[in-house]
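Q: A single structure is presented below for examination.
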Amino acid sequence: MTLTKKIKHKAHLLGFELVGVAPVEPVPELSFYKEWIEAGYAGKMEYLARNPDKRTDVREVVAEAKSVVVCALIYHTRHPLSTEQNDPGRGWISRYAWGDDYHNVIQEKLYELIDFIKAESPDEVISRLYVDTGPVVDRVFAKYAGIGWFGKNTCIINQQKGSWFFLGEIITNLELDYDSTVPDRCGTCNRCIEACPTDAILEPYVLDSRLCISYLTIELRDEIPVELREPMGNHIFGCDICQDVCPWNHRAAATDKPAFQPREGLLNPDLEEIAKLSIEEFREKFRQSPVKRAKYAGFLRNVAVAMGNSGNSKFLSVLEELSEHEEPLVSGHAKWAVEKIHGVEENNLLANTQREESLST
């Protein structure tokens with residue numbers, strides 16, 4: 001076997017479902033990245049605007065870079081989709097965050113793959129790995145490594161596996177055998193665009209993060225814009241809607257890996273229960289979990305919004321408590337939720353009154 005085939009074989013043995021190799025060369029998508037940043041679509045994710053040269057040319061990261069080995073690990077598990085849940089008293093955590101932190105899982109495998117490459121290569125190996133942790137636009141290299149095409153929701157979609165997978169890459173000085181890109185198979189389908197509650201997908205392949213529920217519940221550290229709170233529904237960490245409705249995910253591959261199975265209480269969690277978590281309980285419950293990225297105050301903020309959107313008066317006592325929270329971020333959103341529920345009650349009362357009057361006449 002050639003070195004490239006050996007690398008791919010080893011990657012599969014390590015548990016990666018997809019692996020490909022992209023050349024290091026200028027591509028149009030990396031130029032668009034700068035335009036996307038300049039348009040303000042990154043919101044308050046300032047780190048995405050840092051080191052723009054590194055993000056558009058990996059040779060700024062590894063000067064000798066010639067190849068990028070891209071590996072994909074499926075996290076989709078055999079559990080219902082968010083679009084199949086209809087209990088407003090329960091929250092939704094994106095399925096990628098049900099289990100362990102994917103950074104740790106993938107990094108461990110990539111380090112092992114680098115050791116293998118060094119042992120098998122007759123030449124000196126210079127390499128660096130990333131798992132969504134550095135100045136590398138991994139989706140672009142995934143496309144040019146043949147992993148899949150850019151979906152209209154901006155996710156990488158694979159014809160056989162769907163789009164529920166994590167990406168990790170090894171940048172290396174080795175000149176390997178390169179894979180070809182695959183055709184865009186989204187066609188005329190616009191389901192992801194039509195299904196987005198906040199209209200975050202401005203047009204095919206262009207996402208405004210500032211409107212995205214994942215950004216609002218994870219990356220945004222400030223108040224959630226009032227006009228976007230109601231469309232968030234019961235989402236408390238991330239969002240799966242644009243992937244849930246994608247036809248290519250209807251028969252998506254699933255994994256049995258223990259690391260990505262739902263931890264107890266994270267699959268459609270009870271809102272009242274998690275709203276009562278102390279900071280110590282939050283840290284313990286989400287130890288080595290992606291959810292910790294939202295921070296304690298941000299998480300409670302999200303839970304308060306979800307409870308408000310439920311319209312259920314049973315949450316009022318918990319929300320009244322959160323309204324007195326020492327963190328303004330929490331108390332402010334809790335007060336909004338209280339008003340939202342009272343508004344629902346008043347509307348229901350008015351509707352009942354009008355119905356009774358109509359029946360009596």
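A note on labels: chains of the structure tokens are A, B, ... as shown, every chain counts residues from 1, and ligands are counted from 1 in their shown order.
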Where does DSSP see alpha helix (DSSP H) in range 16-130 of chain A, if you list the residues as a PyMOL selection string?
A: chain A and resi 28-38+52-56+102-120
Q: Just the selected residues (C-alpha atoms), exported as a tab-separated table (two decimals), in the first residue's frame, please.
A:
```tsv
chain	number	residue	atom	x	y	z
A	28	PRO	CA	-12.42	30.27	-3.56
A	29	GLU	CA	-14.07	29.34	-0.25
A	30	LEU	CA	-11.11	30.62	1.74
A	31	SER	CA	-11.40	33.99	0.01
A	32	PHE	CA	-15.11	34.10	0.86
A	33	TYR	CA	-14.25	33.58	4.52
A	34	LYS	CA	-12.81	37.11	4.69
A	35	GLU	CA	-15.91	38.52	3.04
A	36	TRP	CA	-18.08	36.66	5.56
A	37	ILE	CA	-16.14	38.16	8.47
A	38	GLU	CA	-16.25	41.67	6.99
A	52	PRO	CA	-7.05	35.99	8.99
A	53	ASP	CA	-3.94	35.02	7.03
A	54	LYS	CA	-3.65	31.77	8.98
A	55	ARG	CA	-7.30	30.96	8.32
A	56	THR	CA	-6.94	31.48	4.60
A	102	TYR	CA	-15.62	15.63	21.00
A	103	HIS	CA	-12.39	17.64	21.08
A	104	ASN	CA	-10.84	15.19	23.54
A	105	VAL	CA	-12.17	12.11	21.74
A	106	ILE	CA	-10.88	13.12	18.31
A	107	GLN	CA	-7.59	14.63	19.44
A	108	GLU	CA	-6.60	11.36	21.08
A	109	LYS	CA	-7.21	9.48	17.83
A	110	LEU	CA	-5.39	12.07	15.71
A	111	TYR	CA	-2.32	11.98	17.94
A	112	GLU	CA	-2.23	8.23	17.46
A	113	LEU	CA	-2.58	8.69	13.71
A	114	ILE	CA	0.34	11.15	13.67
A	115	ASP	CA	2.51	8.63	15.53
A	116	PHE	CA	1.58	6.04	12.91
A	117	ILE	CA	2.44	8.42	10.05
A	118	LYS	CA	5.83	9.17	11.57
A	119	ALA	CA	6.55	5.47	11.96
A	120	GLU	CA	5.54	4.66	8.38
```
Q: Mind running range 178-233 of chain A against range 295-316 of chain A at 9 Å and telling me each contacting residue's nearest atom pair with the distance in Å (one decimal), counting only C-alpha atoms, chain and number ascending, as a Markdown table?
A:
```
| residue | atom | partner | partner_atom | distance |
| --- | --- | --- | --- | --- |
| A:Leu216 | CA | A:Asn302 | CA | 8.7 |
| A:Thr217 | CA | A:Asn302 | CA | 6.2 |
| A:Ile218 | CA | A:Gly298 | CA | 7.5 |
| A:Leu220 | CA | A:Gly298 | CA | 8.2 |
| A:Arg221 | CA | A:Gly298 | CA | 6.6 |
| A:Asp222 | CA | A:Gly298 | CA | 8.2 |
| A:Glu223 | CA | A:Arg301 | CA | 8.4 |
| A:Ile224 | CA | A:Arg301 | CA | 8.7 |
| A:Arg229 | CA | A:Val305 | CA | 6.5 |
| A:Glu230 | CA | A:Asn309 | CA | 6.0 |
| A:Pro231 | CA | A:Asn309 | CA | 8.6 |
| A:Met232 | CA | A:Ala306 | CA | 7.5 |
| A:Gly233 | CA | A:Asn309 | CA | 5.8 |
```
Q: Give me, as a PyMOL selection string, the residues of range 38-222 of chain A that a backbone DSSP run labels strand (DSSP E or B).
A: chain A and resi 67-74+90+92-93+127-130+149-150+156-158+162+165-172+201-203+206-207
Q: Nearest residue to Leu207 in chain A out of A:Val291, A:Val68, A:Val62, A:Ala42, using only C-alpha atoms?
A: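 Under the stated criterion, the closest residue is A:Ala42.
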Q: Please build the interface table for range 210-254 of chain A against range 134-151 of chain A with a cut-off of 12 Å, listing for each qualifying residue the nearest atom pair and the distance in Å to one decimal; count only C-alpha atoms, order rows by chain and increasing number, and write it as JSON lines.
A:
```
{"residue": "A:Cys242", "atom": "CA", "partner": "A:Gly151", "partner_atom": "CA", "distance": 10.0}
{"residue": "A:Gln243", "atom": "CA", "partner": "A:Gly151", "partner_atom": "CA", "distance": 9.7}
{"residue": "A:Cys246", "atom": "CA", "partner": "A:Gly151", "partner_atom": "CA", "distance": 9.3}
{"residue": "A:Pro247", "atom": "CA", "partner": "A:Gly151", "partner_atom": "CA", "distance": 11.2}
{"residue": "A:Trp248", "atom": "CA", "partner": "A:Gly151", "partner_atom": "CA", "distance": 10.0}
{"residue": "A:Asn249", "atom": "CA", "partner": "A:Gly151", "partner_atom": "CA", "distance": 11.7}
```
Q: Interatomic distance between CA of Leu167 in chain A and CA of Ala63 in chain A?
A: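 That distance, rounded to one decimal, is 22.2 Å.
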Q: Do you know which residues are at most 12 Å from Ser94 in chain A counting only C-alpha atoms, after dropping those on the same chain fewer than 2 positions away, and could you put them as a PyMOL selection string?
A: chain A and resi 75-77+79-83+91-92+96-99+164+213-214+217-218+234-244+260+262+266-269+289-291
Q: Restricting the calculation to only C-alpha atoms, which member of A:Ile126, A:Val344, A:Ile156, A:Ala253 is positioned closest to Glu17 in chain A?
A: A:Ala253
Q: Between CA of Ile171 in chain A and CA of Tyr130 in chain A, what is the spacing in Å?
A: 8.3 Å
Q: Within 6 Å of range 317-325 of chain A, counting only C-alpha atoms, which residues qualify if same-chain residues fewer than 3 places away don't, as an MDAnalysis selection string?
A: chainID A and resid 331 334:335
Q: Residues as selected, N, CA and C atoms, written as a tab-separated table (two decimals), in the first residue's frame, can you do that?
A:
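Just written: result.tsv:
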```
chain	number	residue	atom	x	y	z
A	331	SER	N	-31.31	37.02	35.53
A	331	SER	CA	-32.51	37.66	36.06
A	331	SER	C	-33.30	38.40	34.98
A	334	ALA	N	-35.17	35.88	32.88
A	334	ALA	CA	-36.22	35.26	33.69
A	334	ALA	C	-37.43	36.19	33.81
A	335	LYS	N	-37.17	37.48	34.00
A	335	LYS	CA	-38.28	38.45	34.07
A	335	LYS	C	-39.04	38.49	32.74
```
